[in-house]
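A.B. asks: Dropping the structure in here first, questions after.
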Amino acid sequence: MPLPTDMKTILAELPNSHEQIVLEAVAATGGLMTPGDALALFRLGCRLPPKARILEIGSFRGASTTAFGHAIKDSSSEIYCLDCWHDYHGQGFFNGVLPEAQPTDHDILRAFLANTAFLGEQIRILKGASQQFRDLLPNRFFDLVFIDAAHDYKNVVNDIVIGLDALAPGGMLCGHDYHSDGQDVIRAVDDLITYNIGISVKGLIPGTSIWYAIPNS
């Protein structure tokens, strides 16, 4: 089933009993994702075609991985998770975000592995910066690319460029934190996506901070 081009109604229905279980699993990861964001990602994952390939650029503790993972569990689809799992404090990642917790990089990676173990061989872990994998990721390969890594302008721009190159024809590029606390994210997405006349289908999923784009084939 192809990805929807109209995202305005993806959260129109309340979560059913199975989706409530998924939302609880996402919340248990200790990640940084609202229930609306998690539900939108799960429903996007459910709409992917058979044998789909998902690329996450930025996985942290695995909240988004869990949402996508429950959508593709026990199918022939795969999810590739790319993250440095390193120097979160140096990036200012916890400033005003998790003031009560001071986890080490090892703690975060260990939590990610535990939270996503249910995916078994459907998950592929790529440890490093996105620029280190730029020439290794196959072009036009992934059906969905989700960006939620470093949130400064330069890195978001780089990740969008990498994502566009890696995206298969008809696939969806999307990302997190398009909101008032993510001004660099907004600026990068606007510069490369919103004002890009080569991308007709794009926008923000209502009720979330998730932006999306389906580049013209």
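Here, A, B, ... name the chains of the structure tokens in the order displayed, residue numbers run from 1 inside each chain, and ligands are numbered from 1 in the same displayed order.
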Just the residues within 9 Å of Lys154 (chain A), please, counting only C-alpha atoms, with nothing from its chain fewer than 5 positions along; format it as a VMD selection string.
C.D. replies: chain A and resid 159 184 188
A.B. asks: Extract, using only C-alpha atoms, all DNA, RNA and protein residues at most 7 Å from Arg53 (chain A), discarding same-chain residues fewer than 5 positions from it, and format them as a list in words.
C.D. replies: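 Counting only C-alpha atoms, the residues come to Ser77, Glu78, Ile79, Phe142, Asp143 and Leu144 of chain A.
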A.B. asks: Would you output that residue set with N, CA and C atoms, as a JSON list (two decimals), in the first residue's frame?
C.D. replies:
[["chain", "number", "residue", "atom", "x", "y", "z"],
["A", 77, "SER", "N", 9.93, -6.45, 6.37],
["A", 77, "SER", "CA", 10.51, -5.11, 6.36],
["A", 77, "SER", "C", 11.67, -5.01, 7.34],
["A", 78, "GLU", "N", 12.49, -3.98, 7.16],
["A", 78, "GLU", "CA", 13.67, -3.78, 8.00],
["A", 78, "GLU", "C", 13.78, -2.32, 8.38],
["A", 79, "ILE", "N", 14.43, -2.07, 9.53],
["A", 79, "ILE", "CA", 14.72, -0.71, 9.95],
["A", 79, "ILE", "C", 16.21, -0.57, 10.24],
["A", 142, "PHE", "N", 15.66, 3.51, 0.44],
["A", 142, "PHE", "CA", 14.76, 3.45, 1.59],
["A", 142, "PHE", "C", 13.38, 3.99, 1.25],
["A", 143, "ASP", "N", 12.36, 3.31, 1.75],
["A", 143, "ASP", "CA", 10.98, 3.73, 1.52],
["A", 143, "ASP", "C", 10.57, 4.87, 2.45],
["A", 144, "LEU", "N", 11.21, 4.95, 3.61],
["A", 144, "LEU", "CA", 10.94, 6.03, 4.55],
["A", 144, "LEU", "C", 12.22, 6.38, 5.28]]
A.B. asks: Let me make sure I understand: among A:Ala12, A:Val189, A:Ile108, A:Ile160, which one has the smallest atom-to-atom distance to Arg61 (chain A) if we use only C-alpha atoms?
C.D. replies: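 Selected residue with least distance to Arg61 (chain A): A:Ile108.
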A.B. asks: Which is closest to Tyr212 (chain A) among A:Leu14, A:Leu41, A:Val22, A:Leu173, if we use only C-alpha atoms?
C.D. replies: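 Among the listed residues, A:Leu173 lies closest to Tyr212 (chain A).
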A.B. asks: Name the residues of region 135-209 of chain A that come out as strand (DSSP E or B) in a backbone DSSP run; write them as a CSV table (one decimal) with C-alpha atoms, in the first residue's frame.
C.D. replies:
chain,number,residue,atom,x,y,z
A,142,PHE,CA,14.8,3.4,1.6
A,143,ASP,CA,11.0,3.7,1.5
A,144,LEU,CA,10.9,6.0,4.5
A,145,VAL,CA,13.7,8.2,6.1
A,146,PHE,CA,13.1,9.7,9.5
A,147,ILE,CA,15.4,12.4,10.8
A,167,LEU,CA,15.1,7.8,-0.5
A,168,ALA,CA,13.6,5.5,-3.0
A,169,PRO,CA,11.2,7.0,-5.7
A,170,GLY,CA,7.8,7.6,-4.1
A,171,GLY,CA,9.2,7.3,-0.6
A,172,MET,CA,8.7,9.7,2.3
A,173,LEU,CA,11.3,11.9,4.1
A,174,CYS,CA,10.2,13.1,7.5
A,175,GLY,CA,11.6,14.4,10.7
A,201,VAL,CA,3.7,17.0,-1.3
A,202,LYS,CA,5.0,18.3,2.0
A,203,GLY,CA,3.8,19.7,5.3
A,204,LEU,CA,3.4,19.1,9.0
A.B. asks: Give me the residues near Gly45 (chain A) as a list in words, where near means some atom within 9 Å (using only C-alpha atoms) and where sequence neighbours in that chain fewer than 5 positions away do not count.
C.D. replies: Ala40, Ile54, Ala67, Phe68, Gly69, His70, Ala71, Ile72 and Leu144 of chain A
A.B. asks: Would you mind telling me which residue in A:Ile210, A:Cys84, A:Ile205, A:Ala166 lies nearest to Gln132 (chain A) when using only C-alpha atoms?
C.D. replies: A:Cys84
A.B. asks: Need the shell around Thr34 (chain A): protein/DNA/RNA residues with any atom at most 12 Å away, counting only C-alpha atoms. Skip same-chain ones fewer than 5 positions apart. Format as a list in words?
C.D. replies: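 These residues fall inside the cut-off: Leu23, Glu24, Val26, Ala27, Ala28, Thr29, Leu39, Ala40, Leu41, Ala63, Ser64, Ala67, His176, Asp177, Gly207, Thr208, Ser209 and Ile210 of chain A.
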